[in-house]
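Raw contents of input_29.cif, mmCIF, C-alpha atoms and all ligand atoms:
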```cif
data_start
#
loop_
_atom_site.label_atom_id
_atom_site.label_comp_id
_atom_site.auth_asym_id
_atom_site.auth_seq_id
_atom_site.Cartn_x
_atom_site.Cartn_y
_atom_site.Cartn_z
CA MET V 1 9.24 37.45 9.20
CA THR V 2 11.60 35.91 6.69
CA GLN V 3 12.43 32.30 7.36
CA LYS V 4 16.06 31.27 7.04
CA VAL V 5 16.40 27.66 5.97
CA ALA V 6 19.59 25.57 6.07
CA VAL V 7 20.14 22.31 4.21
CA LEU V 8 22.65 20.22 6.14
CA GLY V 9 24.50 17.51 4.21
CA THR V 10 23.73 18.80 0.75
CA GLY V 11 24.16 15.75 -1.50
CA LYS V 12 21.75 14.51 -4.18
CA ILE V 13 18.51 15.04 -2.26
CA GLY V 14 19.70 18.20 -0.48
CA GLU V 15 20.77 19.79 -3.76
CA ALA V 16 17.54 18.78 -5.50
CA LEU V 17 15.59 20.50 -2.73
CA LEU V 18 17.85 23.55 -2.68
CA SER V 19 17.53 24.06 -6.43
CA GLY V 20 13.76 23.54 -6.24
CA MET V 21 13.41 26.12 -3.48
CA ILE V 22 15.33 28.65 -5.55
CA ARG V 23 13.20 27.87 -8.64
CA GLY V 24 10.18 28.23 -6.36
CA GLY V 25 11.15 31.79 -5.41
CA TRP V 26 13.21 31.43 -2.22
CA ALA V 27 16.01 34.00 -2.15
CA PRO V 28 19.50 32.43 -2.02
CA SER V 29 20.23 34.92 0.79
CA ASP V 30 17.56 33.16 2.91
CA LEU V 31 19.21 29.77 2.39
CA LEU V 32 22.32 28.18 3.88
CA VAL V 33 24.01 24.91 3.01
CA THR V 34 26.51 22.66 4.72
CA ALA V 35 28.75 20.00 3.18
CA ARG V 36 31.34 17.61 4.53
CA ARG V 37 33.95 18.54 1.90
CA GLN V 38 35.20 22.05 1.16
CA GLU V 39 35.15 21.47 -2.60
CA ARG V 40 31.47 20.48 -2.43
CA ALA V 41 30.67 23.58 -0.36
CA ALA V 42 32.40 25.76 -2.99
CA GLN V 43 30.51 23.99 -5.79
CA LEU V 44 27.14 24.67 -4.13
CA HIS V 45 28.06 28.31 -3.54
CA ASP V 46 29.12 28.73 -7.19
CA ARG V 47 26.01 27.00 -8.56
CA TYR V 48 23.33 28.61 -6.42
CA GLY V 49 24.86 31.71 -4.81
CA VAL V 50 24.05 30.34 -1.34
CA GLU V 51 26.35 30.72 1.63
CA ALA V 52 28.03 27.50 2.74
CA VAL V 53 28.63 27.39 6.51
CA SER V 54 29.55 24.87 9.20
CA ASN V 55 26.85 22.68 10.72
CA ALA V 56 27.13 24.59 14.01
CA GLU V 57 26.80 27.94 12.24
CA ALA V 58 23.73 26.71 10.35
CA ALA V 59 22.15 25.57 13.63
CA LYS V 60 22.68 29.00 15.16
CA SER V 61 21.60 31.11 12.15
CA ALA V 62 18.73 29.25 10.48
CA ASP V 63 15.13 28.97 11.70
CA THR V 64 14.65 25.63 9.95
CA LEU V 65 17.28 22.90 9.59
CA ILE V 66 16.75 20.27 6.90
CA LEU V 67 18.97 17.26 7.52
CA THR V 68 19.72 15.33 4.32
CA VAL V 69 22.69 13.14 5.28
CA LYS V 70 22.53 9.35 4.92
CA PRO V 71 20.83 7.58 7.84
CA GLN V 72 24.20 6.10 8.85
CA ASP V 73 25.67 9.63 9.16
CA MET V 74 22.80 11.06 11.19
CA GLY V 75 24.21 10.11 14.63
CA THR V 76 27.50 11.90 13.95
CA LEU V 77 25.71 14.96 12.57
CA LEU V 78 23.38 15.16 15.58
CA ARG V 79 26.26 14.86 18.05
CA GLU V 80 27.87 17.82 16.31
CA LEU V 81 24.63 19.81 16.12
CA ALA V 82 22.97 19.15 19.47
CA PRO V 83 24.86 21.73 21.57
CA HIS V 84 24.04 24.47 19.03
CA VAL V 85 20.35 23.91 18.21
CA PRO V 86 17.98 26.09 20.28
CA ALA V 87 14.69 24.31 21.04
CA ASP V 88 12.70 26.74 18.87
CA ARG V 89 14.34 25.54 15.64
CA LEU V 90 12.30 23.36 13.32
CA VAL V 91 14.31 20.25 12.45
CA VAL V 92 13.24 18.44 9.28
CA SER V 93 14.73 15.03 8.57
CA GLY V 94 14.85 13.74 5.00
CA ALA V 95 16.48 10.46 5.99
CA ALA V 96 15.00 7.04 5.37
CA GLY V 97 14.00 4.99 8.38
CA ILE V 98 14.96 7.27 11.25
CA PRO V 99 11.95 8.15 13.43
CA THR V 100 11.27 11.62 14.82
CA SER V 101 11.85 10.21 18.33
CA TYR V 102 15.54 9.63 17.44
CA PHE V 103 15.97 13.39 16.94
CA GLU V 104 13.81 14.31 19.92
CA GLU V 105 15.98 12.17 22.19
CA ARG V 106 19.18 13.86 20.99
CA LEU V 107 18.07 17.51 20.73
CA ALA V 108 16.84 20.00 23.33
CA ALA V 109 13.56 19.05 25.02
CA GLY V 110 10.58 20.30 23.02
CA THR V 111 12.38 20.62 19.67
CA PRO V 112 9.84 20.33 16.84
CA VAL V 113 10.78 17.61 14.33
CA VAL V 114 9.17 16.81 10.99
CA ARG V 115 10.03 13.67 9.02
CA VAL V 116 9.87 13.82 5.22
CA MET V 117 10.46 11.11 2.63
CA THR V 118 10.86 12.64 -0.80
CA ASN V 119 12.25 11.10 -4.01
CA THR V 120 14.66 11.95 -6.83
CA PRO V 121 12.01 13.24 -9.29
CA ALA V 122 12.42 16.34 -7.10
CA LEU V 123 15.02 17.18 -9.76
CA VAL V 124 12.21 17.73 -12.28
CA ASP V 125 9.63 19.10 -9.81
CA GLU V 126 7.73 15.77 -9.81
CA ALA V 127 8.65 14.52 -6.34
CA MET V 128 6.26 12.95 -3.90
CA SER V 129 7.22 14.12 -0.41
CA VAL V 130 5.53 12.25 2.42
CA ILE V 131 5.38 14.29 5.62
CA SER V 132 4.81 13.37 9.29
CA ALA V 133 4.92 15.38 12.50
CA GLY V 134 6.98 14.49 15.55
CA THR V 135 5.72 15.01 19.10
CA HIS V 136 6.33 18.76 19.26
CA ALA V 137 5.67 19.76 15.64
CA THR V 138 2.60 21.96 15.22
CA ALA V 139 0.26 22.47 12.27
CA ALA V 140 2.33 25.54 11.39
CA HIS V 141 5.50 23.43 11.26
CA LEU V 142 3.83 20.91 8.95
CA THR V 143 2.59 23.73 6.74
CA LEU V 144 6.10 25.17 6.51
CA ALA V 145 7.53 21.74 5.60
CA GLU V 146 4.85 21.41 2.92
CA GLU V 147 5.66 24.87 1.61
CA ILE V 148 9.34 23.92 1.30
CA PHE V 149 8.83 20.50 -0.28
CA SER V 150 6.00 21.64 -2.59
CA THR V 151 8.67 23.54 -4.54
CA VAL V 152 9.81 20.14 -5.89
CA GLY V 153 6.47 18.38 -6.41
CA LYS V 154 3.51 16.98 -4.51
CA THR V 155 3.27 16.51 -0.76
CA LEU V 156 1.20 14.12 1.33
CA ARG V 157 0.73 14.00 5.11
CA VAL V 158 0.71 10.53 6.70
CA PRO V 159 0.92 9.28 10.29
CA GLU V 160 4.54 8.47 11.08
CA SER V 161 3.59 4.78 11.44
CA GLN V 162 3.15 4.75 7.62
CA GLN V 163 6.53 6.31 6.79
CA ASP V 164 8.44 3.03 6.30
CA ALA V 165 5.78 1.85 3.85
CA ALA V 166 5.82 5.21 2.06
CA THR V 167 9.59 4.96 1.79
CA ALA V 168 9.24 1.54 0.14
CA LEU V 169 6.60 2.81 -2.30
CA SER V 170 7.57 6.32 -3.28
CA GLY V 171 11.03 7.01 -1.81
CA SER V 172 12.50 3.98 -3.57
CA GLY V 173 9.72 3.86 -6.18
CA PRO V 174 11.50 5.58 -9.07
CA ALA V 175 14.23 2.90 -8.97
CA TYR V 176 11.68 0.15 -9.71
CA PHE V 177 10.47 1.98 -12.81
CA TYR V 178 14.06 2.53 -14.03
CA PHE V 179 14.68 -1.17 -13.47
CA LEU V 180 11.61 -2.08 -15.54
CA VAL V 181 12.65 0.28 -18.35
CA GLU V 182 16.13 -1.26 -18.35
CA ALA V 183 14.69 -4.79 -18.53
CA MET V 184 12.15 -3.91 -21.23
CA THR V 185 14.85 -2.19 -23.28
CA ASP V 186 16.85 -5.45 -23.13
CA ALA V 187 13.71 -7.21 -24.38
CA GLY V 188 13.64 -4.78 -27.30
CA ILE V 189 17.22 -5.76 -28.15
CA LEU V 190 16.19 -9.42 -28.07
CA LEU V 191 13.37 -8.59 -30.47
CA GLY V 192 15.86 -6.99 -32.85
CA LEU V 193 15.43 -3.26 -32.18
CA PRO V 194 18.40 -0.90 -31.88
CA ARG V 195 18.99 0.05 -28.23
CA ASP V 196 18.23 3.76 -28.67
CA LYS V 197 14.92 3.07 -30.41
CA ALA V 198 13.96 0.43 -27.82
CA HIS V 199 14.73 2.95 -25.08
CA ASP V 200 12.63 5.69 -26.72
CA LEU V 201 9.66 3.36 -27.26
CA ILE V 202 9.64 2.15 -23.67
CA VAL V 203 10.19 5.59 -22.13
CA GLN V 204 7.33 7.09 -24.16
CA ALA V 205 5.07 4.15 -23.22
CA ALA V 206 5.98 4.82 -19.57
CA ILE V 207 5.25 8.55 -19.87
CA GLY V 208 1.95 7.92 -21.66
CA ALA V 209 0.89 5.32 -19.10
CA ALA V 210 1.92 7.57 -16.18
CA VAL V 211 -0.06 10.54 -17.52
CA MET V 212 -3.13 8.33 -18.06
CA LEU V 213 -2.81 6.89 -14.55
CA ARG V 214 -2.65 10.42 -13.16
CA ASP V 215 -5.23 12.16 -15.36
CA SER V 216 -7.83 9.67 -16.64
CA GLY V 217 -9.48 8.90 -13.33
CA GLU V 218 -9.61 5.23 -14.42
CA HIS V 219 -8.49 2.31 -12.26
CA PRO V 220 -5.22 0.71 -13.47
CA VAL V 221 -7.08 -2.57 -14.07
CA LYS V 222 -9.44 -0.80 -16.49
CA LEU V 223 -6.54 0.92 -18.26
CA ARG V 224 -4.79 -2.45 -18.68
CA GLU V 225 -8.00 -4.12 -19.91
CA ASN V 226 -8.30 -1.41 -22.56
CA VAL V 227 -4.90 -2.45 -23.94
CA THR V 228 -5.61 -6.17 -23.74
CA SER V 229 -7.47 -7.34 -26.87
CA PRO V 230 -9.13 -10.78 -27.06
CA ALA V 231 -6.65 -13.27 -28.56
CA GLY V 232 -4.25 -10.33 -28.96
CA THR V 233 -0.61 -9.65 -28.13
CA THR V 234 -0.92 -8.12 -24.66
CA ILE V 235 -2.61 -11.07 -22.99
CA ASN V 236 0.27 -13.29 -24.08
CA ALA V 237 2.70 -10.96 -22.33
CA ILE V 238 0.49 -10.73 -19.22
CA ARG V 239 0.35 -14.53 -18.99
CA GLU V 240 4.16 -14.64 -18.96
CA LEU V 241 4.33 -11.91 -16.27
CA GLU V 242 1.94 -13.94 -14.11
CA ASN V 243 3.81 -17.22 -14.87
CA HIS V 244 7.04 -15.61 -13.71
CA GLY V 245 5.50 -14.30 -10.51
CA VAL V 246 6.13 -10.63 -11.25
CA ARG V 247 3.21 -9.48 -9.06
CA ALA V 248 4.45 -11.57 -6.12
CA ALA V 249 8.02 -10.38 -6.77
CA LEU V 250 6.92 -6.73 -6.56
CA ILE V 251 5.01 -7.33 -3.33
CA ALA V 252 8.03 -9.10 -1.82
CA ALA V 253 10.39 -6.36 -3.07
CA LEU V 254 8.42 -3.55 -1.46
CA GLU V 255 8.08 -5.53 1.74
CA ALA V 256 11.88 -5.91 1.80
CA ALA V 257 12.33 -2.16 1.27
CA ARG V 258 9.87 -1.46 4.12
CA ASP V 259 11.80 -3.86 6.38
CA ARG V 260 15.11 -2.19 5.53
CA SER V 261 13.62 1.20 6.36
CA ARG V 262 12.67 -0.19 9.77
CA GLU V 263 16.23 -1.47 10.26
CA LEU V 264 17.64 1.98 9.52
CA ALA V 265 15.69 3.37 12.49
CA THR V 266 18.71 3.25 14.77
CA GLY V 267 20.84 5.27 12.35
CA ASN V 268 23.43 2.49 12.44
CA GLY V 269 21.83 0.30 9.76
N1 LIG M 1 18.60 9.11 -3.04
C1 LIG M 1 17.29 8.95 -2.94
O1 LIG M 1 16.59 8.53 -3.86
C2 LIG M 1 16.61 9.34 -1.67
C3 LIG M 1 17.30 9.57 -0.51
N2 LIG M 1 16.63 9.91 0.62
C4 LIG M 1 17.35 10.18 1.87
O2 LIG M 1 18.06 11.39 1.67
C5 LIG M 1 19.26 11.35 2.41
C6 LIG M 1 20.40 11.74 1.50
O3 LIG M 1 20.50 10.82 0.44
P1 LIG M 1 21.34 11.20 -0.84
O4 LIG M 1 21.12 12.62 -1.18
O5 LIG M 1 21.05 10.15 -1.84
O6 LIG M 1 22.83 10.99 -0.27
P2 LIG M 1 24.15 11.77 -0.63
O7 LIG M 1 25.30 10.94 -0.16
O8 LIG M 1 24.12 12.21 -2.05
O9 LIG M 1 24.05 13.09 0.28
C7 LIG M 1 24.41 13.15 1.64
C8 LIG M 1 25.42 14.25 1.77
O10 LIG M 1 25.67 14.48 3.14
C9 LIG M 1 27.04 14.81 3.30
N3 LIG M 1 27.41 14.64 4.70
C10 LIG M 1 27.55 13.50 5.41
N4 LIG M 1 27.85 13.77 6.69
C11 LIG M 1 27.89 15.12 6.80
C12 LIG M 1 28.14 16.00 7.86
N5 LIG M 1 28.42 15.57 9.10
N6 LIG M 1 28.10 17.33 7.62
C13 LIG M 1 27.84 17.80 6.38
N7 LIG M 1 27.58 17.01 5.32
C14 LIG M 1 27.61 15.68 5.53
C15 LIG M 1 27.72 13.87 2.34
O11 LIG M 1 29.03 14.31 2.08
P3 LIG M 1 30.02 13.49 1.10
O12 LIG M 1 29.70 14.02 -0.27
O13 LIG M 1 31.37 13.85 1.59
O14 LIG M 1 29.69 12.03 1.27
C16 LIG M 1 26.78 13.93 1.13
O15 LIG M 1 27.13 14.98 0.26
C17 LIG M 1 19.40 9.95 2.99
O16 LIG M 1 19.11 10.01 4.36
C18 LIG M 1 18.38 9.13 2.24
O17 LIG M 1 17.80 8.14 3.07
C19 LIG M 1 15.29 10.11 0.62
C20 LIG M 1 14.57 9.92 -0.49
C21 LIG M 1 15.13 9.46 -1.73
O1 LIG M 2 17.71 3.59 -0.97
C1 LIG M 2 17.58 4.38 -0.03
O2 LIG M 2 17.86 4.02 1.15
C2 LIG M 2 17.07 5.79 -0.26
C3 LIG M 2 15.86 6.08 0.56
C4 LIG M 2 14.72 6.03 -0.40
C5 LIG M 2 15.36 6.04 -1.70
N1 LIG M 2 16.65 5.95 -1.60
#
```
Could you take the file, read its structure, and then write that structure out as structure tokens?
Amino acid sequence: MTQKVAVLGTGKIGEALLSGMIRGGWAPSDLLVTARRQERAAQLHDRYGVEAVSNAEAAKSADTLILTVKPQDMGTLLRELAPHVPADRLVVSGAAGIPTSYFEERLAAGTPVVRVMTNTPALVDEAMSVISAGTHATAAHLTLAEEIFSTVGKTLRVPESQQDAATALSGSGPAYFYFLVEAMTDAGILLGLPRDKAHDLIVQAAIGAAVMLRDSGEHPVKLRENVTSPAGTTINAIRELENHGVRAALIAALEAARDRSRELATGNG
């Protein structure tokens, strides 16, 4: 039986998923979208040929509802949806912080809920989507969520207790790398390189390092040691990174992101 899937609150993440599903072979006729603004609904229809409907209509017509509004908008969306969602619908939340129990408490008893934390590299099919089951979600529901999110990259199942940590690492993760590239490009300017060349050098170093991390099978420490020659350039840079507490700063940063994810649990964060 064909599954009809609706993406509710189709912003950056919702659109990335929608476009990935279409690239992955889902027929636009099996997909529905909702948006808060009419002009956004029309834009999605024009771009992807999908039908844009109301949230209530999506709840009635689709087998699977993927909720991709901001955590702070989830309460309002659920109040609107709850009277229209039959208990056999799979509800997938893409929101940071909000636990599956939040949805279970607000939807019909027994509604299966799956929580997913993806990230923006979904736009280039390189997402990491971290998936957890709620109380009533079965293995088949998890498999369906994996099938949907594997159209935009890798998937990983974790116990829900690890979702806030996963959000800090991979949900927010791309932002840390962009931040590092921005800072290292500034360093290139300081060292006298034109900005465009500094950018290209750092981005290619990042791509090369990322591919080696993924494909070499080597531990990151070993990869770093291979770059770090005795009395060479790299060790001087590493000493400065350690002097400035960059390792401790990263640990503290990810802990802060994890804590913020926990705070968002109420949807009022
Ligand atoms: N951005 C990221 O890197 C990641 C985000 N997430 C999670 O994904 C979710 C979405 O984030 P993101 O895509 O960045 O946010 P966006 O603001 O881009 O998308 C949310 C969309 O939902 C719409 N919306 C809000 N309320 C309603 C409603 N009641 N009915 C229909 N549409 C509604 C908004 O409309 P309007 O355009 O009018 O505001 C907006 O277009 C969040 O919960 C976030 O935690 C997860 C992983 C990574
Ligand atoms: O910053 C945020 O809250 C969202 C969730 C993970 C990435 N972006």
List all protein, DNA and RNA residues that have an atom no more than 9 Å from any atom of ligand LIG 2 (chain M), counting all atoms listed in the file, and report them as a PyMOL selection string.
chain V and resi 70-71+94-97+117-120+167-175+257+260-261+264
Using only C-alpha atoms and all ligand atoms for the distances, tell me which of V:Gly75, V:Pro230, V:Gly217, V:Gly24 is nearest to ligand LIG 1 (chain M).
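Of V:Gly75, V:Pro230, V:Gly217, V:Gly24, the one nearest ligand LIG 1 (chain M), counting only C-alpha atoms and all ligand atoms, is V:Gly75.
Atom pair CA of Leu32 in chain V / CA of Thr135 in chain V has a distance of 26.1 Å (rounded to one decimal).
Residues in contact with Val116 in chain V at 8 Å, where all atoms listed in the file are counted and same-chain residues fewer than 2 positions away are skipped, are listed as Val92, Ser93, Gly94, Ala95, Val114, Thr118, Ser129, Val130, Ile131 and Ser132 of chain V.
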Rounded to one decimal in Å, what is the spacing between CA of Gly188 in chain V and CA of His244 in chain V?
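Interatomic distance here is 18.6 Å.
The shortest atom-to-atom distance to Met212 in chain V, with all atoms listed in the file taken into account, belongs to V:Asn226 out of V:Pro86, V:Arg239, V:Asn226, V:Ala137.
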Got a sec to check which residues sit within 10 Å of (3.1, 31.2, 5.2), counting only C-alpha atoms, and write them as a list in words?
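Counting only C-alpha atoms, I find these residues within 10 Å of (3.1, 31.2, 5.2): Met1, Thr2, Gln3, Ala140, Thr143, Leu144 and Glu147 of chain V.
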Quick one: of V:Pro220, V:Gly49, V:Pro121, V:Gly110, who's nearest to ligand LIG 1 (chain M), counting all atoms listed in the file?
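Closest to ligand LIG 1 (chain M) of all the choices is V:Pro121.
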Would you list the residues near (10.8, -1.2, -18.6), meaning any protein, DNA or RNA residue with an atom at most 12 Å from that point in file coordinates, counting all atoms listed in the file, as a VMD selection string?
chain V and resid 174 to 188 198 to 207 209
Using all atoms listed in the file, pick whichever of V:Leu65, V:Ala42, V:Ile98, V:Ile235 has the shortest atom-to-atom distance to ligand LIG 1 (chain M).
V:Ile98
By how many Å are atom P2 of ligand LIG 1 (chain M) and CA of Glu263 in chain V apart?
18.9 Å
Which residue gives the smallest distance to ligand LIG 1 (chain M) among V:Lys4, V:Lys60, V:Arg115, V:Lys222, with all atoms listed in the file counted?
V:Arg115
Nearest to ligand LIG 1 (chain M) among V:Leu190, V:Met128, V:Ala108, V:Ala87, with distances taken over all atoms listed in the file: which residue is it?
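Of V:Leu190, V:Met128, V:Ala108, V:Ala87, the one nearest ligand LIG 1 (chain M) is V:Met128, counting all atoms listed in the file.
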Tell me, as a ChimeraX atom specification, which residues lie within 9 Å of Arg23 in chain V, counting only C-alpha atoms; anything in the same chain fewer than 3 positions away does not count.
/V:18-20,26,151-152
As a CSV table (one decimal), in the coordinates of the input, could you write out range 181-195 of chain V once it has been completed with N, CA, C and O atoms?
```
chain,number,residue,atom,x,y,z
V,181,VAL,N,12.3,-0.3,-17.0
V,181,VAL,CA,12.6,0.3,-18.4
V,181,VAL,C,13.9,-0.4,-18.9
V,181,VAL,O,14.0,-0.8,-20.1
V,182,GLU,N,14.9,-0.6,-18.0
V,182,GLU,CA,16.1,-1.3,-18.4
V,182,GLU,C,15.8,-2.7,-18.9
V,182,GLU,O,16.3,-3.1,-19.9
V,183,ALA,N,15.0,-3.4,-18.1
V,183,ALA,CA,14.7,-4.8,-18.5
V,183,ALA,C,13.9,-4.8,-19.8
V,183,ALA,O,14.2,-5.7,-20.7
V,184,MET,N,13.0,-3.9,-20.0
V,184,MET,CA,12.2,-3.9,-21.2
V,184,MET,C,13.0,-3.4,-22.4
V,184,MET,O,12.8,-3.9,-23.6
V,185,THR,N,14.0,-2.6,-22.2
V,185,THR,CA,14.8,-2.2,-23.3
V,185,THR,C,15.7,-3.4,-23.7
V,185,THR,O,15.9,-3.6,-24.9
V,186,ASP,N,16.1,-4.2,-22.8
V,186,ASP,CA,16.8,-5.4,-23.1
V,186,ASP,C,15.9,-6.4,-24.0
V,186,ASP,O,16.4,-7.0,-24.9
V,187,ALA,N,14.7,-6.4,-23.6
V,187,ALA,CA,13.7,-7.2,-24.4
V,187,ALA,C,13.6,-6.7,-25.8
V,187,ALA,O,13.6,-7.5,-26.8
V,188,GLY,N,13.7,-5.4,-26.0
V,188,GLY,CA,13.6,-4.8,-27.3
V,188,GLY,C,14.8,-5.2,-28.1
V,188,GLY,O,14.7,-5.5,-29.3
V,189,ILE,N,16.0,-5.3,-27.5
V,189,ILE,CA,17.2,-5.8,-28.2
V,189,ILE,C,17.0,-7.2,-28.6
V,189,ILE,O,17.3,-7.6,-29.8
V,190,LEU,N,16.5,-8.0,-27.7
V,190,LEU,CA,16.2,-9.4,-28.1
V,190,LEU,C,15.3,-9.5,-29.3
V,190,LEU,O,15.4,-10.4,-30.1
V,191,LEU,N,14.3,-8.6,-29.4
V,191,LEU,CA,13.4,-8.6,-30.5
V,191,LEU,C,13.9,-7.9,-31.7
V,191,LEU,O,13.2,-7.8,-32.7
V,192,GLY,N,15.2,-7.5,-31.6
V,192,GLY,CA,15.9,-7.0,-32.8
V,192,GLY,C,15.9,-5.5,-33.0
V,192,GLY,O,16.3,-5.0,-34.1
V,193,LEU,N,15.4,-4.7,-32.0
V,193,LEU,CA,15.4,-3.3,-32.2
V,193,LEU,C,16.8,-2.7,-31.7
V,193,LEU,O,17.4,-3.2,-30.8
V,194,PRO,N,17.2,-1.6,-32.4
V,194,PRO,CA,18.4,-0.9,-31.9
V,194,PRO,C,18.1,-0.4,-30.5
V,194,PRO,O,17.0,0.0,-30.1
V,195,ARG,N,19.2,-0.3,-29.6
V,195,ARG,CA,19.0,0.0,-28.2
V,195,ARG,C,18.3,1.4,-28.1
V,195,ARG,O,17.4,1.6,-27.3
```
